[in-house]
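K.L.:
Got a structure here, written out as structure tokens. Questions coming.
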Amino acid sequence: MTQYWLMKSEPDEYSWDDVVRGGEGVWDGVRNAQASNNLKAMQVGDKALFYHSRSGLEAVGVMQISAAAFPDPKDETGRWVAVKVTPIKPLPKPVSLKAMKANPALADMAMLRQSRLSVAAIENDEWHEIMRMGGNG
């Protein structure tokens, strides 16, 4: 069964355009235990929202997990993991954090309850609501 995720990145460090340009990207540098556990739970074929954090504050595209968790190549300690992602499509209409917070259907979304979490699970109904809001309904 496909699981859904939200993955945050600062667009000046790694943006939606960067993953599109590369065709496949390594999602690395995650140094939070809960976010790392979420990376470890990802399976090939799972879907993820690419969310621009800090500037933009909006979900901008849909990705697919193309390689499950492996040792983060940027981590010399061997403690942290990374996954590979491939872009599927941009959202026709980016979905802002403000719009997510204003939508009662998303009130229990993990990312809204734990705003500092960079990799968070999204429930099936939440995913479909965000797709609807982004013009992919």
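Ordering of the structure tokens sets the chain letters (A, B, ...), residue numbers begin anew at 1 in every chain, and ligands are numbered from 1 in the order given.
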List as a Markdown table every residue of stretch 24-83 of chain A that is in contact with stretch 109-118 of chain A, defined as an atom at most 9 Å from one of its atoms (using only C-alpha atoms), together with the nearest atom pair and the distance in Å rounded to one decimal, sorted by chain and then rising number.

P.N.:
| residue | atom | partner | partner_atom | distance |
| --- | --- | --- | --- | --- |
| A:Val30 | CA | A:Ser118 | CA | 7.6 |
| A:Asn32 | CA | A:Leu117 | CA | 7.8 |
| A:Gln34 | CA | A:Leu117 | CA | 7.7 |
| A:Ala35 | CA | A:Ser118 | CA | 6.1 |
| A:Ser53 | CA | A:Ser118 | CA | 8.9 |

K.L.:
Do you know which residues are at most 9 Å from A:Ser15 counting only C-alpha atoms, after dropping those on the same chain fewer than 6 positions away, and could you put them as a CSV table (one decimal) with C-alpha atoms, in the first residue's frame?

P.N.:
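Result file part_28.csv:
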chain,number,residue,atom,x,y,z
A,9,SER,CA,13.6,21.7,1.9
A,50,PHE,CA,7.9,18.6,-2.0
A,51,TYR,CA,7.4,21.5,0.4
A,52,HIS,CA,9.5,24.7,0.2

K.L.:
How would you write, as a VMD selection string, the set of residues in stretch 37-118 of chain A that DSSP gives as strand (DSSP E or B)?

P.N.:
chain A and resid 47 to 52 58 to 71 81 to 96

K.L.:
Between A:Trp27, A:Trp16, A:Trp127, A:Phe70, which one has atoms that come closest to A:Ile88, using only C-alpha atoms?

P.N.:
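Of A:Trp27, A:Trp16, A:Trp127, A:Phe70, the one nearest A:Ile88 is A:Trp16, counting only C-alpha atoms.
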
K.L.:
Interatomic distance between atom CA of A:Lys40 and atom CA of A:Asn124?

P.N.:
19.0 Å

K.L.:
Could you check the closest approach to A:Lys84 for each of A:Ser66, A:Gly29, A:Asp17, A:Ala59 and tell me which residue wins, using only C-alpha atoms?

P.N.:
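Result for the nearest residue to A:Lys84: A:Ser66.
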
K.L.:
Find the distance between atom CA of A:Glu126 and atom CA of A:Ala68 and write it in Å to one decimal.

P.N.:
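Pair atom CA of A:Glu126 / atom CA of A:Ala68 returns 22.8 Å.
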
K.L.:
Got a sec to tell me which of chain A DSSP assigns to alpha helix (DSSP H), as an MDAnalysis selection string?

P.N.:
chainID A and resid 16:22 33:41 97:102 110:113 124:133

K.L.:
Selected residues, C-alpha atoms, written as an mmCIF file, in the first residue's frame, please.

P.N.:
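The result, stored in part_15.cif:
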data_model
loop_
_atom_site.group_PDB
_atom_site.id
_atom_site.type_symbol
_atom_site.label_atom_id
_atom_site.label_comp_id
_atom_site.auth_asym_id
_atom_site.auth_seq_id
_atom_site.Cartn_x
_atom_site.Cartn_y
_atom_site.Cartn_z
ATOM 1 C CA TRP A 16 11.691 21.542 -6.643
ATOM 2 C CA ASP A 17 13.482 22.846 -9.736
ATOM 3 C CA ASP A 18 16.683 21.116 -8.589
ATOM 4 C CA VAL A 19 15.007 17.701 -8.307
ATOM 5 C CA VAL A 20 13.297 18.196 -11.670
ATOM 6 C CA ARG A 21 16.567 19.237 -13.319
ATOM 7 C CA GLY A 22 18.375 16.212 -11.867
ATOM 8 C CA ALA A 33 15.435 11.265 14.896
ATOM 9 C CA GLN A 34 11.716 11.310 14.105
ATOM 10 C CA ALA A 35 12.269 12.594 10.553
ATOM 11 C CA SER A 36 14.976 9.950 10.082
ATOM 12 C CA ASN A 37 12.572 7.247 11.271
ATOM 13 C CA ASN A 38 10.103 8.493 8.664
ATOM 14 C CA LEU A 39 12.789 8.170 5.968
ATOM 15 C CA LYS A 40 13.441 4.602 7.173
ATOM 16 C CA ALA A 41 9.715 3.803 6.847
ATOM 17 C CA LEU A 97 0.965 26.610 4.688
ATOM 18 C CA LYS A 98 -1.670 29.247 5.408
ATOM 19 C CA ALA A 99 -4.215 27.387 3.252
ATOM 20 C CA MET A 100 -3.368 24.066 4.932
ATOM 21 C CA LYS A 101 -3.786 25.583 8.391
ATOM 22 C CA ALA A 102 -7.133 27.102 7.375
ATOM 23 C CA ALA A 110 1.549 15.834 11.504
ATOM 24 C CA MET A 111 3.381 18.700 9.797
ATOM 25 C CA LEU A 112 0.934 21.221 11.241
ATOM 26 C CA ARG A 113 1.226 19.762 14.754
ATOM 27 C CA ASN A 124 -4.497 9.122 2.820
ATOM 28 C CA ASP A 125 -7.412 11.555 3.226
ATOM 29 C CA GLU A 126 -5.018 14.458 3.922
ATOM 30 C CA TRP A 127 -3.044 13.636 0.766
ATOM 31 C CA HIS A 128 -6.183 13.657 -1.373
ATOM 32 C CA GLU A 129 -7.347 16.944 0.181
ATOM 33 C CA ILE A 130 -3.986 18.606 -0.575
ATOM 34 C CA MET A 131 -4.107 17.221 -4.145
ATOM 35 C CA ARG A 132 -7.596 18.737 -4.514
ATOM 36 C CA MET A 133 -6.381 22.081 -3.139
#

K.L.:
Kindly give the distance, in Å, that separates atom CA of A:Val83 and atom CA of A:Asp108, rounded to a single decimal.

P.N.:
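Between these atoms lies a distance of 25.7 Å.
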